[in-house]
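Listing of target-v2.txt, compact mmCIF, C-alpha atoms and all ligand atoms
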# COMPACT_ATOMS: atom_id res chain seq x y z
CA MET Z 1 -22.68 -35.60 13.13
CA GLU Z 2 -24.93 -37.22 15.69
CA TYR Z 3 -24.29 -36.98 19.39
CA LYS Z 4 -24.68 -40.74 19.95
CA VAL Z 5 -22.17 -41.52 17.20
CA LEU Z 6 -19.60 -39.06 18.58
CA LYS Z 7 -20.04 -40.47 22.06
CA SER Z 8 -19.42 -44.00 20.88
CA ILE Z 9 -16.41 -43.10 18.69
CA PHE Z 10 -14.71 -41.39 21.62
CA LYS Z 11 -15.71 -43.73 24.44
CA THR Z 12 -12.14 -44.14 25.68
CA GLN Z 13 -10.64 -40.79 24.63
CA LYS Z 14 -9.06 -38.57 27.27
CA ALA Z 15 -10.89 -35.21 27.38
CA PRO Z 16 -10.68 -32.40 26.46
CA PHE Z 17 -9.86 -32.95 22.80
CA ALA Z 18 -10.48 -31.34 19.39
CA ILE Z 19 -12.18 -33.05 16.47
CA LEU Z 20 -12.11 -32.23 12.77
CA ASP Z 21 -15.03 -33.75 10.88
CA MET Z 22 -13.43 -34.50 7.49
CA ASN Z 23 -16.78 -35.05 5.77
CA ALA Z 24 -17.89 -31.56 6.82
CA LEU Z 25 -14.49 -30.17 5.79
CA ASP Z 26 -14.84 -31.78 2.34
CA ASP Z 27 -18.33 -30.31 1.97
CA ASN Z 28 -17.00 -26.86 2.94
CA ILE Z 29 -14.15 -27.17 0.43
CA GLN Z 30 -16.69 -28.00 -2.28
CA GLU Z 31 -18.99 -25.16 -1.28
CA ILE Z 32 -16.13 -22.64 -1.20
CA THR Z 33 -14.92 -23.87 -4.59
CA LYS Z 34 -18.43 -23.36 -5.97
CA ARG Z 35 -18.75 -19.93 -4.38
CA ALA Z 36 -15.38 -18.79 -5.77
CA GLN Z 37 -16.39 -19.68 -9.36
CA GLY Z 38 -12.91 -20.54 -10.51
CA ARG Z 39 -11.16 -17.53 -8.96
CA ASN Z 40 -7.90 -18.39 -7.20
CA ILE Z 41 -8.07 -18.95 -3.45
CA ARG Z 42 -5.27 -17.93 -1.10
CA ILE Z 43 -5.53 -19.89 2.15
CA ALA Z 44 -5.39 -17.86 5.39
CA THR Z 45 -3.14 -20.02 7.58
CA LYS Z 46 -4.16 -18.21 10.79
CA SER Z 47 -7.60 -19.77 10.39
CA ILE Z 48 -6.19 -23.32 9.98
CA ARG Z 49 -3.01 -23.60 12.15
CA CYS Z 50 -2.37 -27.23 11.29
CA ARG Z 51 0.16 -28.24 8.61
CA TYR Z 52 -1.63 -31.46 7.74
CA VAL Z 53 -4.85 -29.56 7.02
CA LEU Z 54 -3.01 -26.88 5.00
CA ASN Z 55 -1.59 -29.59 2.75
CA TYR Z 56 -4.99 -31.28 2.55
CA LEU Z 57 -6.59 -28.01 1.38
CA LEU Z 58 -3.86 -27.50 -1.21
CA GLU Z 59 -4.52 -30.95 -2.60
CA LYS Z 60 -8.32 -30.66 -2.62
CA LEU Z 61 -8.87 -27.09 -3.78
CA PRO Z 62 -8.79 -26.91 -7.58
CA HIS Z 63 -7.85 -23.22 -7.58
CA SER Z 64 -5.69 -22.75 -4.51
CA PHE Z 65 -3.03 -20.15 -4.99
CA GLY Z 66 -0.61 -19.91 -2.15
CA TRP Z 67 -0.86 -18.90 1.47
CA MET Z 68 -1.51 -15.89 3.64
CA ALA Z 69 0.73 -16.25 6.70
CA PHE Z 70 0.20 -14.27 9.89
CA THR Z 71 3.77 -13.79 11.13
CA LEU Z 72 7.16 -13.76 9.43
CA GLU Z 73 8.41 -16.52 11.72
CA GLU Z 74 5.53 -18.66 10.51
CA ALA Z 75 6.19 -17.74 6.87
CA ILE Z 76 9.84 -18.83 7.24
CA TRP Z 77 8.80 -22.10 8.88
CA LEU Z 78 6.31 -22.78 6.09
CA SER Z 79 8.96 -22.01 3.48
CA GLU Z 80 11.42 -24.36 5.23
CA ASN Z 81 8.75 -27.02 4.96
CA GLY Z 82 8.25 -26.64 1.23
CA PHE Z 83 5.40 -24.12 1.08
CA THR Z 84 5.79 -21.48 -1.65
CA ASN Z 85 3.95 -18.29 -2.65
CA ILE Z 86 3.52 -17.03 0.89
CA LEU Z 87 1.99 -13.60 1.38
CA LEU Z 88 2.74 -12.22 4.82
CA GLY Z 89 -0.68 -10.73 5.55
CA TYR Z 90 0.54 -8.04 7.98
CA PRO Z 91 3.60 -5.77 8.21
CA THR Z 92 6.59 -6.89 10.27
CA TYR Z 93 9.46 -5.03 11.89
CA GLU Z 94 11.41 -8.08 13.13
CA ILE Z 95 14.87 -7.24 11.83
CA ASP Z 96 16.52 -10.61 12.54
CA LEU Z 97 13.73 -12.48 10.80
CA ILE Z 98 13.84 -10.17 7.78
CA GLU Z 99 17.61 -10.83 7.64
CA GLN Z 100 16.85 -14.56 7.67
CA VAL Z 101 14.58 -14.21 4.65
CA LEU Z 102 16.73 -11.85 2.63
CA SER Z 103 19.87 -13.90 3.14
CA ASN Z 104 18.16 -17.04 1.87
CA GLU Z 105 17.18 -17.29 -1.78
CA LYS Z 106 14.52 -19.96 -1.18
CA HIS Z 107 12.70 -17.91 1.47
CA ASN Z 108 13.10 -14.67 -0.45
CA SER Z 109 11.62 -16.09 -3.62
CA SER Z 110 8.63 -17.50 -1.68
CA ILE Z 111 7.70 -14.62 0.63
CA TYR Z 112 5.91 -11.35 -0.13
CA PHE Z 113 6.12 -8.65 2.57
CA MET Z 114 3.08 -6.53 3.45
CA VAL Z 115 3.65 -2.77 3.65
CA ASP Z 116 1.64 0.41 3.94
CA LYS Z 117 4.16 2.91 5.34
CA LEU Z 118 7.49 4.26 4.20
CA GLU Z 119 9.09 2.90 7.39
CA HIS Z 120 8.24 -0.67 6.34
CA ILE Z 121 9.73 -0.19 2.88
CA GLU Z 122 12.80 1.64 4.13
CA LEU Z 123 13.75 -1.21 6.46
CA LEU Z 124 13.17 -3.92 3.84
CA ASN Z 125 15.15 -1.94 1.27
CA GLU Z 126 18.07 -1.43 3.66
CA ILE Z 127 18.31 -5.13 4.55
CA ALA Z 128 17.84 -6.22 0.92
CA ALA Z 129 20.65 -3.85 -0.15
CA LYS Z 130 22.90 -5.31 2.55
CA HIS Z 131 22.31 -8.77 1.13
CA LYS Z 132 22.56 -7.53 -2.48
CA THR Z 133 19.09 -8.79 -3.28
CA HIS Z 134 15.55 -7.56 -3.94
CA THR Z 135 12.46 -8.07 -1.88
CA LYS Z 136 8.84 -8.43 -2.99
CA LEU Z 137 6.30 -5.98 -1.61
CA CYS Z 138 2.54 -6.15 -1.38
CA VAL Z 139 0.74 -2.93 -0.53
CA ASP Z 140 -2.24 -3.11 1.82
CA VAL Z 141 -4.96 -0.64 0.83
CA ASP Z 142 -7.54 0.20 3.49
CA MET Z 143 -11.00 -0.93 2.41
CA SER Z 144 -13.04 0.64 5.19
CA SER Z 145 -15.99 2.93 4.53
CA THR Z 146 -16.99 5.98 6.50
CA PHE Z 147 -20.66 6.87 6.73
CA PRO Z 148 -22.13 9.71 8.82
CA GLY Z 149 -21.37 8.71 12.44
CA ILE Z 150 -20.17 5.19 11.46
CA TYR Z 151 -16.70 3.87 10.78
CA PHE Z 152 -17.50 0.69 8.84
CA GLY Z 153 -14.27 -1.28 8.73
CA VAL Z 154 -11.00 -1.89 10.60
CA TYR Z 155 -7.99 0.24 11.46
CA ARG Z 156 -5.01 -1.28 9.69
CA SER Z 157 -3.53 0.35 6.61
CA SER Z 158 -2.57 4.01 6.31
CA ILE Z 159 -3.21 3.88 2.55
CA LYS Z 160 -6.78 5.10 2.33
CA ASN Z 161 -7.12 5.72 -1.39
CA ALA Z 162 -5.42 5.89 -4.78
CA ALA Z 163 -3.81 9.26 -3.98
CA ASP Z 164 -2.14 7.80 -0.87
CA LEU Z 165 -0.87 4.89 -2.92
CA LYS Z 166 0.49 7.23 -5.57
CA SER Z 167 2.40 9.21 -2.98
CA LEU Z 168 3.79 6.05 -1.30
CA ILE Z 169 5.07 4.82 -4.66
CA ARG Z 170 6.57 8.23 -5.40
CA SER Z 171 8.28 8.61 -2.04
CA SER Z 172 9.76 5.11 -2.22
CA SER Z 173 10.96 5.41 -5.81
CA SER Z 174 14.61 5.81 -4.76
CA PHE Z 175 14.59 2.44 -2.97
CA SER Z 176 16.15 0.21 -5.58
CA ASN Z 177 16.08 -3.09 -3.68
CA VAL Z 178 12.32 -3.47 -3.41
CA LYS Z 179 9.78 -4.44 -6.06
CA TRP Z 180 6.02 -3.85 -5.98
CA LYS Z 181 4.48 -7.24 -6.63
CA GLY Z 182 1.07 -7.36 -5.01
CA LEU Z 183 -1.92 -5.36 -3.88
CA MET Z 184 -4.20 -6.45 -1.06
CA GLY Z 185 -7.42 -4.87 0.14
CA TYR Z 186 -9.21 -6.71 2.95
CA GLU Z 187 -12.83 -5.65 3.23
CA ALA Z 188 -13.26 -6.84 6.83
CA GLN Z 189 -16.67 -5.19 7.19
CA ILE Z 190 -18.05 -7.34 4.35
CA ALA Z 191 -16.06 -10.53 4.97
CA GLY Z 192 -16.27 -10.65 8.76
CA ILE Z 193 -19.71 -9.31 9.73
CA GLY Z 194 -22.80 -11.49 9.49
CA ASP Z 195 -25.98 -9.97 8.06
CA ASN Z 196 -28.36 -12.77 9.02
CA VAL Z 197 -28.11 -12.94 12.80
CA PRO Z 198 -31.17 -14.64 14.37
CA GLY Z 199 -33.35 -12.20 16.31
CA ALA Z 200 -31.60 -9.10 14.93
CA THR Z 201 -33.90 -8.21 12.05
CA MET Z 202 -33.36 -4.45 12.21
CA MET Z 203 -29.59 -4.70 12.65
CA ASN Z 204 -29.38 -7.24 9.79
CA LYS Z 205 -31.17 -4.73 7.54
CA ILE Z 206 -28.82 -1.91 8.53
CA ILE Z 207 -25.73 -4.10 8.01
CA GLY Z 208 -27.11 -5.19 4.62
CA VAL Z 209 -27.54 -1.57 3.48
CA LEU Z 210 -24.10 -0.54 4.76
CA LYS Z 211 -22.53 -3.56 3.09
CA SER Z 212 -24.03 -2.85 -0.30
CA LYS Z 213 -22.94 0.82 -0.18
CA SER Z 214 -19.47 -0.18 0.95
CA ILE Z 215 -19.07 -2.89 -1.72
CA LYS Z 216 -19.57 -0.27 -4.43
CA GLU Z 217 -17.05 2.07 -2.86
CA ILE Z 218 -14.48 -0.70 -2.40
CA ALA Z 219 -14.65 -1.71 -6.05
CA GLU Z 220 -14.06 1.89 -7.14
CA ARG Z 221 -11.16 2.33 -4.71
CA ARG Z 222 -9.46 -0.89 -5.72
CA SER Z 223 -9.73 -0.16 -9.42
CA ALA Z 224 -8.42 3.41 -8.92
CA CYS Z 225 -5.42 1.89 -7.10
CA LEU Z 226 -4.83 -0.57 -9.91
CA LYS Z 227 -4.81 2.36 -12.34
CA VAL Z 228 -2.12 4.08 -10.26
CA LEU Z 229 0.01 0.95 -10.46
CA ALA Z 230 -0.54 0.63 -14.22
CA ASP Z 231 0.31 4.33 -14.69
CA ASN Z 232 3.60 3.62 -12.94
CA SER Z 233 4.21 0.60 -15.20
CA ILE Z 234 4.07 -1.73 -12.21
CA GLU Z 235 3.10 -5.28 -13.07
CA LEU Z 236 1.76 -7.28 -10.17
CA ASP Z 237 1.85 -11.01 -9.47
CA PHE Z 238 -1.57 -10.80 -7.79
CA VAL Z 239 -4.40 -8.59 -6.59
CA ASN Z 240 -5.83 -9.97 -3.36
CA GLY Z 241 -9.13 -9.26 -1.67
CA GLY Z 242 -11.77 -10.63 0.60
CA GLY Z 243 -12.30 -13.32 3.13
CA THR Z 244 -14.74 -16.14 3.80
CA GLY Z 245 -17.74 -13.83 4.14
CA SER Z 246 -17.18 -11.76 1.01
CA ILE Z 247 -16.37 -14.27 -1.74
CA GLU Z 248 -19.46 -13.33 -3.78
CA SER Z 249 -18.88 -9.57 -3.75
CA THR Z 250 -15.09 -9.71 -4.04
CA LEU Z 251 -15.16 -11.87 -7.14
CA LYS Z 252 -17.42 -9.37 -8.91
CA GLU Z 253 -14.33 -7.17 -9.19
CA SER Z 254 -12.57 -8.37 -12.31
CA GLY Z 255 -9.31 -6.76 -11.17
CA VAL Z 256 -9.07 -9.09 -8.15
CA THR Z 257 -7.05 -12.17 -9.12
CA GLU Z 258 -7.43 -14.10 -5.87
CA ILE Z 259 -9.58 -14.25 -2.75
CA THR Z 260 -8.28 -15.11 0.72
CA VAL Z 261 -10.29 -17.77 2.54
CA GLY Z 262 -9.62 -19.36 5.91
CA SER Z 263 -12.42 -19.50 8.47
CA GLY Z 264 -14.96 -21.06 6.12
CA PHE Z 265 -13.11 -24.37 6.04
CA TYR Z 266 -13.48 -25.16 9.76
CA GLN Z 267 -16.62 -23.00 9.85
CA SER Z 268 -16.31 -21.54 13.33
CA HIS Z 269 -19.60 -20.19 14.63
CA LEU Z 270 -19.01 -16.48 13.89
CA PHE Z 271 -19.49 -17.46 10.25
CA ASP Z 272 -22.91 -19.05 10.73
CA ASN Z 273 -25.00 -15.94 10.20
CA TYR Z 274 -24.48 -14.75 6.64
CA SER Z 275 -27.17 -14.43 3.99
CA ASN Z 276 -24.80 -15.41 1.17
CA PHE Z 277 -23.61 -18.86 2.34
CA LYS Z 278 -24.03 -21.73 4.77
CA HIS Z 279 -21.13 -24.04 5.60
CA LYS Z 280 -20.98 -27.01 7.95
CA PRO Z 281 -19.41 -26.96 11.43
CA ALA Z 282 -16.22 -28.99 10.89
CA LEU Z 283 -14.05 -28.23 13.93
CA PHE Z 284 -15.27 -28.64 17.50
CA TYR Z 285 -14.09 -29.81 20.87
CA ALA Z 286 -15.17 -32.21 23.57
CA LEU Z 287 -15.37 -31.68 27.33
CA ARG Z 288 -16.30 -34.20 29.97
CA ILE Z 289 -19.14 -33.65 32.44
CA VAL Z 290 -17.72 -33.93 35.95
CA ARG Z 291 -20.49 -32.50 38.12
CA LYS Z 292 -24.23 -32.13 38.27
CA PRO Z 293 -25.06 -29.29 40.67
CA THR Z 294 -28.82 -29.44 39.99
CA ALA Z 295 -31.19 -31.73 38.13
CA THR Z 296 -30.86 -29.73 34.92
CA ILE Z 297 -27.40 -28.16 35.24
CA PHE Z 298 -24.24 -30.06 34.39
CA THR Z 299 -20.66 -28.85 34.78
CA ALA Z 300 -17.90 -29.87 32.40
CA LEU Z 301 -14.15 -29.61 33.02
CA GLY Z 302 -12.39 -26.80 31.10
CA GLY Z 303 -13.63 -25.14 27.93
CA GLY Z 304 -13.20 -21.39 28.43
CA TYR Z 305 -11.83 -20.81 24.96
CA ILE Z 306 -12.92 -17.23 24.34
CA ALA Z 307 -12.16 -15.78 20.92
CA SER Z 308 -10.15 -12.61 20.31
CA GLY Z 309 -11.71 -9.29 19.32
CA ALA Z 310 -14.21 -7.02 21.02
CA THR Z 311 -15.47 -9.25 23.78
CA ASP Z 312 -19.20 -9.35 23.52
CA GLY Z 313 -21.14 -12.61 23.93
CA SER Z 314 -20.48 -13.63 20.35
CA LYS Z 315 -16.85 -14.48 21.22
CA GLN Z 316 -17.94 -17.22 23.63
CA PRO Z 317 -17.87 -20.82 22.47
CA GLN Z 318 -21.22 -22.21 21.39
CA THR Z 319 -22.74 -25.42 22.64
CA PHE Z 320 -22.90 -27.97 19.83
CA LEU Z 321 -23.97 -31.51 20.77
CA PRO Z 322 -26.23 -32.74 22.21
CA LYS Z 323 -28.57 -30.07 20.86
CA GLY Z 324 -30.28 -27.96 23.50
CA MET Z 325 -27.38 -27.30 25.89
CA LYS Z 326 -27.31 -23.68 27.07
CA LEU Z 327 -24.38 -21.84 28.68
CA ILE Z 328 -25.19 -20.08 31.95
CA LYS Z 329 -25.11 -16.32 31.43
CA ASN Z 330 -23.33 -15.43 34.66
CA GLU Z 331 -20.53 -17.93 34.17
CA GLY Z 332 -20.11 -18.51 30.45
CA ALA Z 333 -17.39 -20.92 29.35
CA GLY Z 334 -15.08 -21.08 32.35
CA GLU Z 335 -11.35 -21.40 32.86
CA VAL Z 336 -11.69 -24.82 34.48
CA GLN Z 337 -15.44 -25.34 34.84
CA THR Z 338 -18.15 -24.81 32.23
CA PRO Z 339 -21.67 -25.26 33.56
CA PHE Z 340 -24.57 -25.59 31.15
CA GLU Z 341 -28.25 -26.18 31.38
CA TYR Z 342 -29.72 -29.17 29.58
CA ARG Z 343 -33.35 -30.30 29.48
CA GLY Z 344 -33.17 -32.42 26.36
CA LYS Z 345 -33.78 -36.11 25.70
CA GLU Z 346 -30.24 -37.47 26.14
CA PRO Z 347 -29.83 -39.11 29.55
CA LEU Z 348 -26.71 -37.06 30.33
CA LYS Z 349 -24.68 -38.11 33.34
CA ILE Z 350 -21.35 -37.47 35.03
CA GLY Z 351 -18.58 -38.91 32.82
CA ASP Z 352 -20.33 -38.15 29.50
CA LEU Z 353 -18.73 -36.09 26.77
CA VAL Z 354 -20.35 -32.93 25.42
CA PHE Z 355 -19.27 -30.89 22.39
CA PHE Z 356 -18.70 -27.17 21.76
CA ARG Z 357 -17.62 -24.89 18.90
CA HIS Z 358 -15.16 -22.00 18.99
CA ALA Z 359 -16.15 -18.57 17.64
CA LYS Z 360 -12.98 -18.26 15.53
CA ALA Z 361 -11.45 -20.88 13.31
CA GLY Z 362 -7.71 -21.15 13.95
CA GLU Z 363 -7.61 -20.04 17.59
CA LEU Z 364 -8.91 -23.38 18.84
CA CYS Z 365 -5.69 -24.99 17.56
CA GLU Z 366 -3.74 -22.90 20.09
CA ARG Z 367 -5.53 -24.89 22.83
CA PHE Z 368 -4.83 -28.39 21.55
CA ASN Z 369 -1.71 -30.27 20.46
CA GLU Z 370 -3.63 -32.42 18.03
CA LEU Z 371 -6.74 -32.66 15.92
CA ILE Z 372 -8.54 -35.97 15.78
CA LEU Z 373 -9.74 -36.42 12.21
CA VAL Z 374 -13.03 -38.27 11.88
CA ARG Z 375 -14.41 -39.57 8.60
CA ALA Z 376 -17.52 -41.67 8.06
CA ASN Z 377 -17.95 -42.04 11.82
CA LYS Z 378 -14.47 -43.44 12.37
CA ILE Z 379 -11.22 -41.96 13.60
CA GLU Z 380 -9.11 -41.58 10.47
CA GLN Z 381 -5.94 -40.09 11.87
CA ILE Z 382 -4.55 -37.83 14.59
CA VAL Z 383 -2.48 -34.90 13.36
CA PRO Z 384 -0.52 -32.18 15.20
CA THR Z 385 -1.67 -28.57 15.29
CA TYR Z 386 0.92 -25.77 15.11
CA ARG Z 387 0.97 -25.95 18.91
CA GLY Z 388 1.55 -29.71 18.72
CA GLU Z 389 4.61 -28.99 16.60
CA ASN Z 390 5.83 -26.61 19.32
CA LYS Z 391 5.01 -23.61 17.18
CA CYS Z 392 3.36 -20.62 18.81
CA PHE Z 393 3.55 -17.66 16.47
CA LEU Z 394 1.11 -15.21 18.04
C1 LIG G 401 -5.72 -9.66 5.68
C2 LIG G 401 -6.82 -10.65 5.79
N1 LIG G 401 -7.33 -11.19 4.68
C3 LIG G 401 -8.32 -12.09 4.73
C4 LIG G 401 -8.87 -12.49 5.93
C5 LIG G 401 -10.01 -13.46 5.90
O1 LIG G 401 -9.79 -14.65 6.53
P1 LIG G 401 -10.98 -15.59 6.96
O2 LIG G 401 -11.52 -16.22 5.73
O3 LIG G 401 -10.33 -16.56 7.87
O4 LIG G 401 -12.00 -14.77 7.65
C6 LIG G 401 -8.39 -11.93 7.11
C7 LIG G 401 -8.98 -12.30 8.40
O5 LIG G 401 -8.85 -11.68 9.43
C8 LIG G 401 -7.33 -10.99 7.04
O6 LIG G 401 -6.81 -10.42 8.17
Show me this structure written as structure tokens.
Amino acid sequence: MEYKVLKSIFKTQKAPFAILDMNALDDNIQEITKRAQGRNIRIATKSIRCRYVLNYLLEKLPHSFGWMAFTLEEAIWLSENGFTNILLGYPTYEIDLIEQVLSNEKHNSSIYFMVDKLEHIELLNEIAAKHKTHTKLCVDVDMSSTFPGIYFGVYRSSIKNAADLKSLIRSSSSFSNVKWKGLMGYEAQIAGIGDNVPGATMMNKIIGVLKSKSIKEIAERRSACLKVLADNSIELDFVNGGGTGSIESTLKESGVTEITVGSGFYQSHLFDNYSNFKHKPALFYALRIVRKPTATIFTALGGGYIASGATDGSKQPQTFLPKGMKLIKNEGAGEVQTPFEYRGKEPLKIGDLVFFRHAKAGELCERFNELILVRANKIEQIVPTYRGENKCFL
């Protein structure tokens, strides 16, 4: 989108506000569909956080296959609103919420629980027995790699390999109210780390080498786990892997039936620097310039939307439009004031709008009640985010 066009569309809009460029979103949907080569896509709701957009993705993606929710409360809410095939991506120990699911046939048939420890299974089994029902389990297998002096991955699941999985299945065999229905392995170090970061040639090379070693190991681990399940005559509904950044490598594993994708739809800026794909920035936000402390520095109101995770500079928002704005190192994006330097051609002045991108996809929706959808340079519709529906899950 062009700066001039955005400025004229939003001449009278109260700032700050968030914009979803539907043309860019459509292009990203197409690109992701092409990248996934017909493999099913499970949509990561944490990276969308807007019901309208979730339904839009379901309608537009030819191979969408359910949802990955981030909390049980969210999964229940989605189920109440007609969403089915919901994989809870992370374990839960919220007893009242589990009761709510297992006492309700509609929720129970739609929701898969994530587990990796006996404690998770024990609790689900106990509550399922109380309600004389069965619950569906998905086991999370750790997909990290360890190289000399480097832990390449994330700390989540306690199931590190096929032997761990075998022993979890064995030790839970007396629980008669749970059923193994899914396997997930999230290769965060492939899906979530860019290998084409500008100005980081050496690091990009190292990441590339680590990624290719890890991809091989992951494939072996996942297929050994699938063998354990087959040996135990367990038939799964799905085998899940990946994320936006790993579609190409995850789909090489024939045992994986579906790939989770979220961030690539809005294309937040942490996903700009990958060698295997390029999507379009679809979600961004506008701030208004309220001060001009020097001839080349402008200060906008608000905008300090820092992303979660290890807080290095990459978690800061990025300037978007007009091109050439630069955040000030000592201040960054501030709680109420965001100064930036600009020496470009636009005759910026107090009262003008300027545009930024968030580092992570869904987190921006926690800052705004609505998304303004723009298509073909016109406002198409305004839709509520989760926050706009009074939903704050994490
Ligand atoms: C379990 C799991 N699967 C998949 C993903 C990938 O989601 P995205 O495409 O938004 O990066 C994530 C992201 O953190 C995740 O936690």
For this session: Could you give me, as a PyMOL selection string, the residues within 8 Å of segment 386-394 of chain Z, counting only C-alpha atoms and dropping anything in the same chain fewer than 6 positions from it?
Result: chain Z and resi 49-51+71+73-74+365-370
Hey, which residues sit close to ligand LIG 401 (chain G)? Say within 7 Å, counting all atoms listed in the file, and write them as a compact mmCIF listing (two decimals) with C-alpha atoms, in the frame of the given file.
# COMPACT_ATOMS: atom_id res chain seq x y z
CA ALA Z 44 -5.39 -17.86 5.39
CA SER Z 47 -7.60 -19.77 10.39
CA GLY Z 89 -0.68 -10.73 5.55
CA TYR Z 90 0.54 -8.04 7.98
CA TYR Z 186 -9.21 -6.71 2.95
CA ALA Z 191 -16.06 -10.53 4.97
CA GLY Z 192 -16.27 -10.65 8.76
CA GLY Z 241 -9.13 -9.26 -1.67
CA GLY Z 242 -11.77 -10.63 0.60
CA GLY Z 243 -12.30 -13.32 3.13
CA THR Z 244 -14.74 -16.14 3.80
CA GLY Z 245 -17.74 -13.83 4.14
CA THR Z 260 -8.28 -15.11 0.72
CA VAL Z 261 -10.29 -17.77 2.54
CA GLY Z 262 -9.62 -19.36 5.91
CA SER Z 263 -12.42 -19.50 8.47
CA GLY Z 264 -14.96 -21.06 6.12
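What separates atom CA of Lys132 of chain Z from atom CA of Glu94 of chain Z is a distance of 19.2 Å.
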Counting all atoms listed in the file, give me one row per residue of segment 5-30 of chain Z with an atom at most 10 Å from an atom of segment 265-273 of chain Z, showing the shortest contact pair and its distance in Å to one decimal, sorted by chain then residue number, as a tab-separated table.
residue	atom	partner	partner_atom	distance
Z:Leu20	CA	Z:Tyr266	CA	7.8
Z:Asp21	CA	Z:Tyr266	CA	8.8
Z:Met22	CA	Z:Tyr266	CA	9.6
Z:Ala24	CA	Z:Tyr266	CA	8.3
Z:Leu25	CA	Z:Phe265	CA	6.0
Z:Asp26	CA	Z:Phe265	CA	8.5
Z:Asp27	CA	Z:Phe265	CA	8.9
Z:Asn28	CA	Z:Phe265	CA	5.6
Z:Ile29	CA	Z:Phe265	CA	6.4
Z:Gln30	CA	Z:Phe265	CA	9.8
Go ahead and save the residues from that selection, with C-alpha atoms, as a compact mmCIF listing (two decimals), in the coordinates of the input.
# COMPACT_ATOMS: atom_id res chain seq x y z
CA LEU Z 20 -12.11 -32.23 12.77
CA ASP Z 21 -15.03 -33.75 10.88
CA MET Z 22 -13.43 -34.50 7.49
CA ALA Z 24 -17.89 -31.56 6.82
CA LEU Z 25 -14.49 -30.17 5.79
CA ASP Z 26 -14.84 -31.78 2.34
CA ASP Z 27 -18.33 -30.31 1.97
CA ASN Z 28 -17.00 -26.86 2.94
CA ILE Z 29 -14.15 -27.17 0.43
CA GLN Z 30 -16.69 -28.00 -2.28
Pull the closest atom pair for each residue of segment 303-370 of chain Z that gets at most 7 Å from segment 280-299 of chain Z, along with the distance in Å to one decimal, counting all atoms listed in the file, ordering rows by chain and then ascending residue number, as JSON lines.
{"residue": "Z:Gly303", "atom": "CA", "partner": "Z:Leu287", "partner_atom": "CA", "distance": 6.8}
{"residue": "Z:Gln337", "atom": "CA", "partner": "Z:Thr299", "partner_atom": "CA", "distance": 6.3}
{"residue": "Z:Thr338", "atom": "CA", "partner": "Z:Thr299", "partner_atom": "CA", "distance": 5.4}
{"residue": "Z:Pro339", "atom": "CA", "partner": "Z:Thr299", "partner_atom": "CA", "distance": 3.9}
{"residue": "Z:Phe340", "atom": "CA", "partner": "Z:Phe298", "partner_atom": "CA", "distance": 5.5}
{"residue": "Z:Glu341", "atom": "CA", "partner": "Z:Ile297", "partner_atom": "CA", "distance": 4.4}
{"residue": "Z:Tyr342", "atom": "CA", "partner": "Z:Thr296", "partner_atom": "CA", "distance": 5.5}
{"residue": "Z:Arg343", "atom": "CA", "partner": "Z:Thr296", "partner_atom": "CA", "distance": 6.0}
{"residue": "Z:Ile350", "atom": "CA", "partner": "Z:Ile289", "partner_atom": "CA", "distance": 5.1}
{"residue": "Z:Gly351", "atom": "CA", "partner": "Z:Ile289", "partner_atom": "CA", "distance": 5.3}
{"residue": "Z:Asp352", "atom": "CA", "partner": "Z:Ile289", "partner_atom": "CA", "distance": 5.5}
{"residue": "Z:Leu353", "atom": "CA", "partner": "Z:Arg288", "partner_atom": "CA", "distance": 4.4}
{"residue": "Z:Val354", "atom": "CA", "partner": "Z:Leu287", "partner_atom": "CA", "distance": 5.5}
{"residue": "Z:Phe355", "atom": "CA", "partner": "Z:Ala286", "partner_atom": "CA", "distance": 4.5}
{"residue": "Z:Phe356", "atom": "CA", "partner": "Z:Tyr285", "partner_atom": "CA", "distance": 5.4}
{"residue": "Z:Arg357", "atom": "CA", "partner": "Z:Phe284", "partner_atom": "CA", "distance": 4.6}
{"residue": "Z:His358", "atom": "CA", "partner": "Z:Phe284", "partner_atom": "CA", "distance": 6.8}
Would you mind exporting the chosen residues as a PDB file, keeping the file's coordinate frame, restricted to C-alpha atoms?
ATOM      1  CA  GLY Z 303     -13.630 -25.140  27.930  1.00  0.00           C
ATOM      2  CA  GLN Z 337     -15.440 -25.340  34.840  1.00  0.00           C
ATOM      3  CA  THR Z 338     -18.150 -24.810  32.230  1.00  0.00           C
ATOM      4  CA  PRO Z 339     -21.670 -25.260  33.560  1.00  0.00           C
ATOM      5  CA  PHE Z 340     -24.570 -25.590  31.150  1.00  0.00           C
ATOM      6  CA  GLU Z 341     -28.250 -26.180  31.380  1.00  0.00           C
ATOM      7  CA  TYR Z 342     -29.720 -29.170  29.580  1.00  0.00           C
ATOM      8  CA  ARG Z 343     -33.350 -30.300  29.480  1.00  0.00           C
ATOM      9  CA  ILE Z 350     -21.350 -37.470  35.030  1.00  0.00           C
ATOM     10  CA  GLY Z 351     -18.580 -38.910  32.820  1.00  0.00           C
ATOM     11  CA  ASP Z 352     -20.330 -38.150  29.500  1.00  0.00           C
ATOM     12  CA  LEU Z 353     -18.730 -36.090  26.770  1.00  0.00           C
ATOM     13  CA  VAL Z 354     -20.350 -32.930  25.420  1.00  0.00           C
ATOM     14  CA  PHE Z 355     -19.270 -30.890  22.390  1.00  0.00           C
ATOM     15  CA  PHE Z 356     -18.700 -27.170  21.760  1.00  0.00           C
ATOM     16  CA  ARG Z 357     -17.620 -24.890  18.900  1.00  0.00           C
ATOM     17  CA  HIS Z 358     -15.160 -22.000  18.990  1.00  0.00           C
TER      18      HIS Z 358
END
